[in-house]
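Enquirer: The structure file coords05.cif (mmCIF, C-alpha atoms) is provided below.
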```cif
data_coords
#
loop_
_atom_site.label_atom_id
_atom_site.label_comp_id
_atom_site.auth_asym_id
_atom_site.auth_seq_id
_atom_site.Cartn_x
_atom_site.Cartn_y
_atom_site.Cartn_z
CA MET A 1070 52.66 43.26 1.56
CA ASN A 1071 51.60 46.69 0.38
CA TRP A 1072 48.86 47.00 -2.16
CA ASP A 1073 49.07 49.50 -5.04
CA TRP A 1074 45.54 50.77 -5.00
CA GLU A 1075 45.93 53.20 -7.88
CA LYS A 1076 47.28 50.56 -10.19
CA LEU A 1077 44.41 48.24 -9.28
CA ARG A 1078 41.85 50.92 -10.15
CA GLU A 1079 43.46 51.49 -13.55
CA ASN A 1080 43.42 47.80 -14.35
CA GLN A 1081 39.77 47.61 -13.30
CA GLN A 1082 38.83 50.47 -15.58
CA LYS A 1083 40.69 48.87 -18.50
CA TYR A 1084 38.93 45.59 -17.85
CA GLU A 1085 35.47 47.20 -17.80
CA GLN A 1086 36.23 48.96 -21.05
CA ASN A 1087 37.46 45.80 -22.83
CA LYS A 1088 34.91 43.19 -21.55
CA GLY A 1089 32.22 44.47 -23.81
CA GLY A 1090 33.86 42.79 -26.80
CA GLY A 1091 35.89 45.55 -28.12
CA PRO A 1092 35.39 49.12 -29.08
CA GLY A 1093 32.08 49.96 -30.70
CA MET A 1094 30.18 46.86 -29.38
CA PRO A 1095 27.37 47.14 -26.74
CA ARG A 1096 28.09 45.85 -23.30
CA PRO A 1097 25.95 42.80 -22.30
CA PRO A 1098 23.58 43.17 -19.32
CA GLN A 1099 25.18 42.53 -16.03
CA MET A 1100 23.67 40.92 -12.93
CA ASP A 1101 23.76 44.15 -11.06
CA ASP A 1102 21.82 45.85 -13.79
CA LEU A 1103 19.15 43.14 -13.73
CA VAL A 1104 18.82 43.36 -9.95
CA ASN A 1105 18.43 47.09 -10.16
CA LYS A 1106 15.74 46.78 -12.80
CA PHE A 1107 13.76 44.25 -10.77
CA LYS A 1108 14.01 46.41 -7.75
CA GLY A 1109 12.29 49.12 -9.61
CA PHE A 1110 9.54 46.87 -11.02
CA LYS A 1111 6.17 46.67 -9.09
CA PHE A 1112 4.02 43.46 -9.24
CA PRO A 1113 0.25 43.90 -9.52
CA GLY A 1114 -1.75 43.43 -6.29
CA MET A 1115 -4.04 40.79 -7.81
CA PHE A 1116 -1.09 38.44 -8.27
CA PHE A 1117 -0.41 38.35 -4.57
CA VAL A 1118 -4.12 37.98 -3.84
CA GLY A 1119 -4.30 35.01 -6.20
CA LEU A 1120 -1.30 33.36 -4.58
CA LEU A 1121 -2.87 33.88 -1.18
CA LEU A 1122 -6.22 32.43 -2.24
CA LEU A 1123 -4.51 29.44 -3.82
CA ALA A 1124 -2.63 28.77 -0.63
CA VAL A 1125 -5.80 29.07 1.45
CA PHE A 1126 -7.72 26.81 -0.93
CA LEU A 1127 -5.05 24.12 -0.92
CA GLY A 1128 -4.76 24.30 2.84
CA SER A 1129 -8.52 24.11 3.42
CA SER A 1130 -8.89 21.19 1.02
CA MET A 1131 -6.29 19.17 2.92
CA PHE A 1132 -8.00 19.41 6.32
CA PHE A 1133 -11.62 18.45 6.98
CA THR A 1134 -13.86 17.58 9.91
CA VAL A 1135 -16.15 14.54 10.19
CA GLY A 1136 -19.20 14.74 12.43
CA ARG A 1137 -19.88 12.37 15.33
CA SER A 1138 -22.55 10.43 13.43
CA GLU A 1139 -20.65 10.43 10.12
CA VAL A 1140 -17.82 8.56 8.43
CA GLY A 1141 -15.65 10.08 5.71
CA VAL A 1142 -15.02 7.96 2.61
CA ILE A 1143 -11.79 9.09 0.93
CA GLN A 1144 -11.18 8.43 -2.77
CA ARG A 1145 -7.82 8.91 -4.49
CA PHE A 1146 -8.28 9.66 -8.18
CA GLY A 1147 -11.78 8.19 -7.92
CA LYS A 1148 -10.72 4.90 -6.30
CA TYR A 1149 -11.64 4.00 -2.72
CA GLU A 1150 -8.68 4.62 -0.43
CA ARG A 1151 -9.72 4.62 3.25
CA LEU A 1152 -12.28 5.68 5.87
CA ALA A 1153 -11.95 8.78 8.03
CA GLN A 1154 -13.34 8.58 11.54
CA PRO A 1155 -15.14 11.45 13.34
CA GLY A 1156 -12.95 14.41 14.18
CA LEU A 1157 -10.28 16.43 12.35
CA ASN A 1158 -8.67 14.55 9.45
CA PHE A 1159 -6.06 15.15 6.74
CA LYS A 1160 -6.07 14.30 3.06
CA LEU A 1161 -4.25 15.26 -0.11
CA PRO A 1162 -5.42 18.41 -1.94
CA THR A 1163 -8.53 18.52 -4.09
CA GLY A 1164 -7.99 16.86 -7.43
CA ILE A 1165 -5.99 14.08 -5.85
CA GLU A 1166 -8.20 12.91 -3.00
CA LYS A 1167 -11.91 13.46 -2.46
CA VAL A 1168 -13.93 12.91 0.73
CA THR A 1169 -17.61 11.96 0.91
CA LYS A 1170 -19.31 12.13 4.30
CA VAL A 1171 -21.88 9.41 5.03
CA ASN A 1172 -24.21 9.44 8.05
CA VAL A 1173 -23.99 5.95 9.57
CA ARG A 1174 -25.89 6.45 12.85
CA GLN A 1175 -29.00 8.52 12.22
CA PRO A 1176 -31.82 6.37 10.75
CA GLU A 1177 -33.47 7.46 7.52
CA THR A 1178 -37.17 6.99 6.77
CA ALA A 1179 -38.89 5.89 3.58
CA GLU A 1180 -42.69 6.15 3.41
CA PHE A 1181 -44.90 4.01 1.20
CA GLY A 1182 -48.51 4.55 0.24
CA PHE A 1183 -49.58 7.44 2.46
CA LYS A 1184 -49.23 11.19 2.97
CA THR A 1185 -47.62 12.99 5.89
CA TYR A 1186 -48.14 16.48 7.29
CA ASN A 1187 -45.79 18.75 9.18
CA SER A 1188 -46.02 22.12 10.88
CA THR A 1189 -45.25 24.00 7.69
CA GLY A 1190 -48.02 22.42 5.67
CA TYR A 1191 -48.65 19.52 3.36
CA ARG A 1192 -45.96 17.09 2.32
CA THR A 1193 -46.16 13.94 0.23
CA SER A 1194 -43.74 11.06 0.57
CA ALA A 1195 -41.73 9.87 -2.42
CA ASP A 1196 -43.83 6.76 -2.94
CA SER A 1197 -47.22 8.08 -1.90
CA SER A 1198 -47.59 9.83 -5.25
CA ARG A 1199 -47.99 6.38 -6.73
CA GLN A 1200 -51.13 5.18 -5.01
CA GLU A 1201 -50.86 1.78 -6.65
CA SER A 1202 -47.91 0.97 -4.39
CA SER A 1203 -50.31 0.60 -1.46
CA LEU A 1204 -52.85 -1.57 -3.31
CA MET A 1205 -52.01 -5.22 -2.75
CA LEU A 1206 -53.66 -8.56 -3.45
CA THR A 1207 -54.06 -10.80 -0.40
CA GLY A 1208 -53.95 -14.57 -0.27
CA ASP A 1209 -57.75 -14.88 -0.31
CA LEU A 1210 -57.99 -12.71 -3.47
CA ASN A 1211 -59.01 -9.49 -1.72
CA VAL A 1212 -57.52 -6.06 -2.34
CA ALA A 1213 -56.04 -4.23 0.63
CA VAL A 1214 -54.61 -0.74 1.08
CA VAL A 1215 -51.33 -1.28 2.95
CA PRO A 1216 -49.27 1.80 3.94
CA TRP A 1217 -45.97 1.30 5.77
CA ILE A 1218 -42.71 2.98 6.81
CA VAL A 1219 -39.19 1.62 6.44
CA GLN A 1220 -36.48 2.95 8.75
CA TYR A 1221 -32.94 2.13 7.66
CA ARG A 1222 -29.33 3.07 8.42
CA ARG A 1223 -26.23 3.19 6.23
CA SER A 1224 -24.24 0.50 8.01
CA ASN A 1225 -21.48 0.08 5.39
CA PRO A 1226 -20.43 3.39 3.77
CA ARG A 1227 -18.18 1.75 1.18
CA ASP A 1228 -20.90 -0.61 -0.09
CA TYR A 1229 -23.46 2.18 0.08
CA LEU A 1230 -21.42 4.46 -2.22
CA PHE A 1231 -19.85 2.05 -4.70
CA ASN A 1232 -21.87 -1.19 -5.01
CA VAL A 1233 -25.27 0.19 -6.04
CA LYS A 1234 -25.85 3.17 -8.30
CA ASP A 1235 -29.12 4.31 -6.70
CA VAL A 1236 -29.61 2.80 -3.25
CA SER A 1237 -32.80 4.75 -2.55
CA SER A 1238 -34.46 3.45 -5.71
CA LEU A 1239 -33.33 -0.10 -4.91
CA LEU A 1240 -34.70 0.20 -1.39
CA ARG A 1241 -38.08 1.45 -2.64
CA HIS A 1242 -38.49 -1.33 -5.19
CA MET A 1243 -37.28 -4.08 -2.88
CA SER A 1244 -39.52 -2.84 -0.05
CA GLU A 1245 -42.56 -2.88 -2.29
CA ALA A 1246 -41.73 -6.34 -3.67
CA THR A 1247 -41.13 -7.72 -0.19
CA MET A 1248 -44.37 -6.33 1.20
CA ARG A 1249 -46.38 -7.71 -1.72
CA THR A 1250 -44.83 -11.14 -1.14
CA VAL A 1251 -45.69 -11.12 2.57
CA ILE A 1252 -49.22 -9.79 2.02
CA GLY A 1253 -49.86 -12.34 -0.74
CA ASP A 1254 -49.41 -15.19 1.74
CA ARG A 1255 -52.09 -13.95 4.16
CA SER A 1256 -55.83 -13.37 4.20
CA ILE A 1257 -57.45 -9.94 4.39
CA ASN A 1258 -58.35 -10.47 8.05
CA GLU A 1259 -54.76 -11.36 8.90
CA VAL A 1260 -53.51 -8.30 7.02
CA ILE A 1261 -55.80 -6.06 9.05
CA SER A 1262 -55.34 -7.68 12.47
CA SER A 1263 -51.75 -9.04 12.38
CA ARG A 1264 -49.76 -5.97 11.37
CA ALA A 1265 -46.93 -6.54 13.84
CA GLU A 1266 -46.33 -10.08 12.61
CA ILE A 1267 -46.37 -8.91 8.98
CA ALA A 1268 -43.92 -6.09 9.73
CA SER A 1269 -41.52 -8.52 11.41
CA ALA A 1270 -41.63 -10.95 8.48
CA ALA A 1271 -41.18 -8.14 5.95
CA LYS A 1272 -38.20 -6.71 7.86
CA GLU A 1273 -36.40 -10.06 7.89
CA MET A 1274 -37.05 -10.67 4.19
CA LEU A 1275 -36.06 -7.13 3.14
CA GLN A 1276 -32.81 -7.30 5.12
CA THR A 1277 -31.95 -10.57 3.39
CA GLU A 1278 -32.49 -9.02 -0.04
CA MET A 1279 -30.44 -5.92 0.80
CA ASP A 1280 -27.60 -8.11 2.05
CA LYS A 1281 -27.66 -10.05 -1.21
CA ALA A 1282 -27.41 -6.78 -3.16
CA LYS A 1283 -24.54 -5.57 -0.87
CA ALA A 1284 -26.16 -2.17 -0.66
CA GLY A 1285 -24.66 -1.30 2.73
CA ILE A 1286 -28.14 -0.82 4.22
CA SER A 1287 -29.30 -2.07 7.63
CA ILE A 1288 -33.08 -2.19 8.17
CA VAL A 1289 -33.87 -0.74 11.59
CA ASN A 1290 -37.65 -1.15 11.64
CA ILE A 1291 -40.74 -1.56 9.47
CA GLU A 1292 -43.91 0.03 10.83
CA MET A 1293 -47.30 -0.91 9.42
CA LYS A 1294 -49.87 1.88 9.34
CA LYS A 1295 -53.64 1.39 9.44
CA THR A 1296 -54.59 -1.23 6.88
CA ASN A 1297 -57.98 -1.22 5.20
CA VAL A 1298 -59.76 -2.14 2.00
CA PRO A 1299 -60.25 0.35 -0.87
CA GLU A 1300 -62.81 3.05 -0.17
CA PRO A 1301 -65.37 1.91 -2.81
CA VAL A 1302 -65.77 -1.48 -1.13
CA GLN A 1303 -65.48 -0.44 2.49
CA ALA A 1304 -69.26 -0.50 3.07
CA SER A 1305 -69.60 -4.04 1.73
CA PHE A 1306 -66.54 -5.15 3.60
CA ASN A 1307 -67.95 -3.74 6.84
CA GLU A 1308 -71.17 -5.67 6.29
CA VAL A 1309 -69.20 -8.85 5.75
CA ASN A 1310 -67.22 -8.21 8.91
CA GLN A 1311 -70.43 -7.57 10.83
CA ALA A 1312 -71.87 -10.86 9.60
CA ILE A 1313 -68.67 -12.64 10.57
CA GLN A 1314 -68.79 -11.07 14.01
CA GLU A 1315 -72.40 -12.16 14.46
CA LYS A 1316 -71.43 -15.66 13.38
CA GLU A 1317 -68.56 -15.73 15.83
CA GLN A 1318 -70.81 -14.36 18.57
CA THR A 1319 -73.33 -17.15 17.93
CA ILE A 1320 -70.53 -19.70 17.99
CA TYR A 1321 -69.25 -18.28 21.27
CA LYS A 1322 -72.70 -18.51 22.83
CA ALA A 1323 -73.10 -22.09 21.66
CA ARG A 1324 -69.70 -22.93 23.06
CA GLU A 1325 -70.67 -21.25 26.32
CA GLU A 1326 -73.79 -23.41 26.58
CA TYR A 1327 -71.74 -26.44 25.58
CA ASN A 1328 -69.19 -25.67 28.27
CA LYS A 1329 -71.99 -25.42 30.82
CA ALA A 1330 -73.99 -28.52 29.81
CA VAL A 1331 -71.26 -30.98 28.94
CA PRO A 1332 -69.26 -30.69 32.19
CA LEU A 1333 -72.54 -30.96 34.15
CA ALA A 1334 -73.53 -34.10 32.25
CA ARG A 1335 -70.08 -35.54 32.66
CA GLY A 1336 -70.21 -34.87 36.39
CA GLU A 1337 -73.62 -36.52 36.67
CA ALA A 1338 -72.38 -39.50 34.70
CA LYS A 1339 -69.37 -39.84 36.96
CA ARG A 1340 -71.62 -39.62 40.01
CA LEU A 1341 -73.90 -42.38 38.69
CA ILE A 1342 -70.89 -44.52 37.89
CA LYS A 1343 -69.52 -44.02 41.38
CA ASP A 1344 -72.94 -44.86 42.90
CA ALA A 1345 -73.14 -48.00 40.81
CA GLU A 1346 -69.65 -48.99 41.77
CA GLY A 1347 -70.48 -48.39 45.44
CA TYR A 1348 -73.68 -50.43 45.15
CA ALA A 1349 -71.80 -53.25 43.46
CA ILE A 1350 -69.17 -53.24 46.18
CA ASP A 1351 -71.92 -53.25 48.85
CA ARG A 1352 -73.74 -56.18 47.24
CA VAL A 1353 -70.54 -58.12 46.88
CA ASN A 1354 -69.60 -57.45 50.46
CA ARG A 1355 -73.06 -58.47 51.65
CA ALA A 1356 -72.96 -61.64 49.59
CA GLN A 1357 -69.55 -62.45 50.91
CA GLY A 1358 -70.80 -61.82 54.44
CA ASP A 1359 -73.85 -64.03 53.92
CA ALA A 1360 -71.68 -66.74 52.47
CA THR A 1361 -69.32 -66.49 55.40
CA LYS A 1362 -72.25 -66.60 57.82
CA PHE A 1363 -73.78 -69.60 56.07
CA LYS A 1364 -70.44 -71.38 56.10
CA ALA A 1365 -70.10 -70.66 59.80
CA VAL A 1366 -73.62 -72.07 60.41
CA TYR A 1367 -72.81 -75.09 58.33
CA ASP A 1368 -69.65 -75.70 60.28
CA ALA A 1369 -71.64 -75.46 63.54
CA TYR A 1370 -74.31 -77.78 62.14
CA ALA A 1371 -71.71 -80.31 61.16
CA GLN A 1372 -70.42 -80.38 64.73
CA ALA A 1373 -73.89 -80.76 66.41
CA LYS A 1374 -76.49 -81.76 63.84
CA ASP A 1375 -79.42 -82.46 66.19
CA VAL A 1376 -79.11 -79.29 68.19
CA THR A 1377 -78.58 -77.18 65.13
CA LYS A 1378 -81.47 -78.78 63.29
CA LYS A 1379 -83.83 -78.15 66.17
CA ARG A 1380 -82.61 -74.57 66.56
CA MET A 1381 -83.06 -73.90 62.87
CA TYR A 1382 -86.54 -75.40 62.97
CA LEU A 1383 -87.53 -73.19 65.90
CA GLU A 1384 -86.10 -70.09 64.23
CA SER A 1385 -88.03 -70.90 61.07
CA MET A 1386 -91.26 -71.36 63.01
CA LEU A 1387 -90.70 -68.02 64.74
CA GLU A 1388 -90.54 -66.35 61.33
CA VAL A 1389 -93.44 -68.28 59.72
CA LEU A 1390 -96.10 -68.66 62.44
CA PRO A 1391 -96.69 -64.94 63.08
CA LYS A 1392 -97.61 -64.54 59.44
CA VAL A 1393 -100.22 -67.34 59.45
CA GLY A 1394 -103.84 -66.42 60.34
CA SER A 1395 -105.65 -69.48 61.79
CA LYS A 1396 -103.52 -72.24 63.23
CA TYR A 1397 -104.52 -75.83 63.84
CA ILE A 1398 -102.10 -77.86 65.84
CA ILE A 1399 -103.00 -81.52 65.85
CA ASP A 1400 -101.51 -84.67 67.03
CA ALA A 1401 -99.68 -86.83 64.60
CA ASP A 1402 -101.92 -89.80 65.55
CA GLN A 1403 -105.16 -87.98 64.67
CA LYS A 1404 -106.78 -89.47 61.55
CA ASN A 1405 -110.03 -87.58 61.21
CA LEU A 1406 -109.75 -83.88 60.51
CA LEU A 1407 -113.41 -83.12 59.75
CA PRO A 1408 -114.62 -82.53 63.32
CA PHE A 1409 -112.02 -79.88 63.65
CA LEU A 1410 -112.66 -77.97 60.43
CA ASN A 1411 -115.78 -76.18 61.76
CA MET A 1412 -113.94 -74.89 64.74
CA GLY A 1413 -112.09 -72.38 62.72
CA ASP A 1414 -114.70 -69.61 62.97
CA LYS A 1415 -115.45 -70.17 66.66
CA MET A 1416 -112.01 -70.80 67.99
CA PRO A 1417 -109.62 -69.41 65.45
CA ASP A 1418 -106.58 -69.52 67.62
CA ARG A 1419 -107.29 -72.46 69.87
CA PHE A 1420 -104.74 -75.13 70.43
CA LEU A 1421 -106.19 -78.60 70.32
CA GLN A 1422 -104.51 -81.36 72.18
CA LYS A 1423 -105.12 -85.06 72.05
CA GLY A 1424 -107.97 -86.23 74.32
CA GLU A 1425 -109.39 -82.73 74.76
#
```
Represent the structure from my file as structure tokens, please.
Expert:
Amino acid sequence: MNWDWEKLRENQQKYEQNKGGGPGMPRPPQMDDLVNKFKGFKFPGMFFVGLLLLAVFLGSSMFFTVGRSEVGVIQRFGKYERLAQPGLNFKLPTGIEKVTKVNVRQPETAEFGFKTYNSTGYRTSADSSRQESSLMLTGDLNVAVVPWIVQYRRSNPRDYLFNVKDVSSLLRHMSEATMRTVIGDRSINEVISSRAEIASAAKEMLQTEMDKAKAGISIVNIEMKKTNVPEPVQASFNEVNQAIQEKEQTIYKAREEYNKAVPLARGEAKRLIKDAEGYAIDRVNRAQGDATKFKAVYDAYAQAKDVTKKRMYLESMLEVLPKVGSKYIIDADQKNLLPFLNMGDKMPDRFLQKGE
């Protein structure tokens, strides 16, 4: 089919002339005209810069990095949403989600009742400005100056951020209250000499209170510094301690003498008891032996009375006669002893026989 190009051009020209709405009316803007106008229009440079910055800002707010010792707490429109672990993480743009980084590994330190120094100069801890925090009443109604350090770690980031408004203030007040409770149950000497035991008891009690408050705090350690009495009474306190030491020294010496004398006396008493027991055993054994011997003699006597009687008589004479001075042996038939009485000086040991 052949096209009539000239006729088509004429129709196109007629159409362009009539589409404006008739003769005398302005022609409406066409798409081509609008495109040509926009092609000639130049946007300001700041507009592109703003778009670029907006894109960079939105992109940077969606990606964040959490350190190795930190945990990111993400909130969506202010409400807790989730936890972000260490490394590169993603979140919705700022205004929708917010991230708060919490250090959960590195311990923090809170100082109470003393001043610290560093290489740059003088520094005062948060609580040391209130000197009354270190003045405590002991169980024996003495006043002690008790400085200490609390080391803690943020173990639960969610509880740490949302359960308590001011965790640091809560920790300071609870630490002071706990230490006063522990110190109030002990004497001044115990407070000075038993610092490790007091620190252990205070740590356990403070951790219990922080758990009740759900503060997300884990107590790592409580360190007791040098404990003393207030400076105005230190001289008197030292004198009292010196007197107590002298008293204890005297008691130790007395105990030393006691430990020397009492065991010695007990040993001597045991020795005498053993000697007495040995003597008693010896006497009993001897008596039993004598009784056995006498019984044996009696049994022999019962078997041969005459022989035994004569032997016993002779044995008795052998024991008696050597002890007698002058001896007069007379006959049983002799009636008159007078003639023989004067012979004692002249013949003291003479044996007189009948008919002599």
Enquirer: What does the distance from atom CA of A:Glu1180 to atom CA of A:Ile1291 come to in Å, to one decimal?
Expert: 10.0 Å
Enquirer: Interatomic distance between atom CA of A:Pro1155 and atom CA of A:Ile1143?
Expert: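 According to the coordinates, atom CA of A:Pro1155 and atom CA of A:Ile1143 are separated by 13.1 Å.
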Enquirer: Atom CA of A:Ala1369 and atom CA of A:Tyr1382 are how many Å apart?
Expert: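 It comes out at 14.9 Å.
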Enquirer: With distances taken over all atoms listed in the file, which residue among A:Leu1240, A:Val1233, A:Val1142, A:Ile1257 lies nearest A:Gly1208?
Expert: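 Looking at the shortest contact to A:Gly1208, the residue is A:Ile1257.
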Enquirer: Specify as a list of chain:residue names each residue included when the PyMOL selection byres ((chain A and resi 1134) around 8) is applied to this file.
Expert: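 Given this file, the PyMOL selection byres ((chain A and resi 1134) around 8) evaluates to A:Phe1132, A:Phe1133, A:Val1135, A:Gly1136, A:Pro1155, A:Gly1156, A:Leu1157, A:Asn1158.
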Enquirer: Written as a list of chain:residue names, what is the full residue list that the PyMOL selection byres ((chain A and resi 1270) around 12) yields on the file shown?
Expert: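 Matching residues under the PyMOL selection byres ((chain A and resi 1270) around 12) are A:Ser1244, A:Thr1247, A:Met1248, A:Arg1249, A:Thr1250, A:Val1251, A:Ile1252, A:Asp1254, A:Arg1255, A:Ser1263, A:Arg1264, A:Ala1265, A:Glu1266, A:Ile1267, A:Ala1268, A:Ser1269, A:Ala1271, A:Lys1272, A:Glu1273, A:Met1274, A:Leu1275, A:Gln1276, A:Thr1277, A:Asn1290, A:Ile1291, A:Glu1292, A:Met1293.
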Enquirer: Go through A:Met1131, A:Val1173, A:Leu1122, A:Val1215 and flag the residue nearest A:Phe1159, using all atoms listed in the file for the distances.
Expert: A:Met1131
Enquirer: The PyMOL selection byres ((chain A and resi 1218-1225) around 7) on the file shown: which residues, as a VMD selection string?
Expert: chain A and resid 1172 to 1181 1217 1226 to 1229 1285 to 1293
Enquirer: Restricted to C-alpha atoms, what would the selected residues look like written as a tab-separated table (two decimals), in the coordinates of the input?
Expert:
```
chain	number	residue	atom	x	y	z
A	1172	ASN	CA	-24.21	9.44	8.05
A	1173	VAL	CA	-23.99	5.95	9.57
A	1174	ARG	CA	-25.89	6.45	12.85
A	1175	GLN	CA	-29.00	8.52	12.22
A	1176	PRO	CA	-31.82	6.37	10.75
A	1177	GLU	CA	-33.47	7.46	7.52
A	1178	THR	CA	-37.17	6.99	6.77
A	1179	ALA	CA	-38.89	5.89	3.58
A	1180	GLU	CA	-42.69	6.15	3.41
A	1181	PHE	CA	-44.90	4.01	1.20
A	1217	TRP	CA	-45.97	1.30	5.77
A	1226	PRO	CA	-20.43	3.39	3.77
A	1227	ARG	CA	-18.18	1.75	1.18
A	1228	ASP	CA	-20.90	-0.61	-0.09
A	1229	TYR	CA	-23.46	2.18	0.08
A	1285	GLY	CA	-24.66	-1.30	2.73
A	1286	ILE	CA	-28.14	-0.82	4.22
A	1287	SER	CA	-29.30	-2.07	7.63
A	1288	ILE	CA	-33.08	-2.19	8.17
A	1289	VAL	CA	-33.87	-0.74	11.59
A	1290	ASN	CA	-37.65	-1.15	11.64
A	1291	ILE	CA	-40.74	-1.56	9.47
A	1292	GLU	CA	-43.91	0.03	10.83
A	1293	MET	CA	-47.30	-0.91	9.42
```
Enquirer: Using all atoms listed in the file for the distances, tell me which of A:Ala1153, A:Met1205, A:Ile1350, A:Leu1239 is nearest to A:Thr1296.
Expert: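 Closest residue, counting all atoms listed in the file: A:Met1205.
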Enquirer: Using all atoms listed in the file, pick whichever of A:Val1236, A:Ile1320, A:Ala1282, A:Ile1313 has the shortest atom-to-atom distance to A:Asn1258.
Expert: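 Going through A:Val1236, A:Ile1320, A:Ala1282, A:Ile1313 one by one, the smallest distance to A:Asn1258 is for A:Ile1313.
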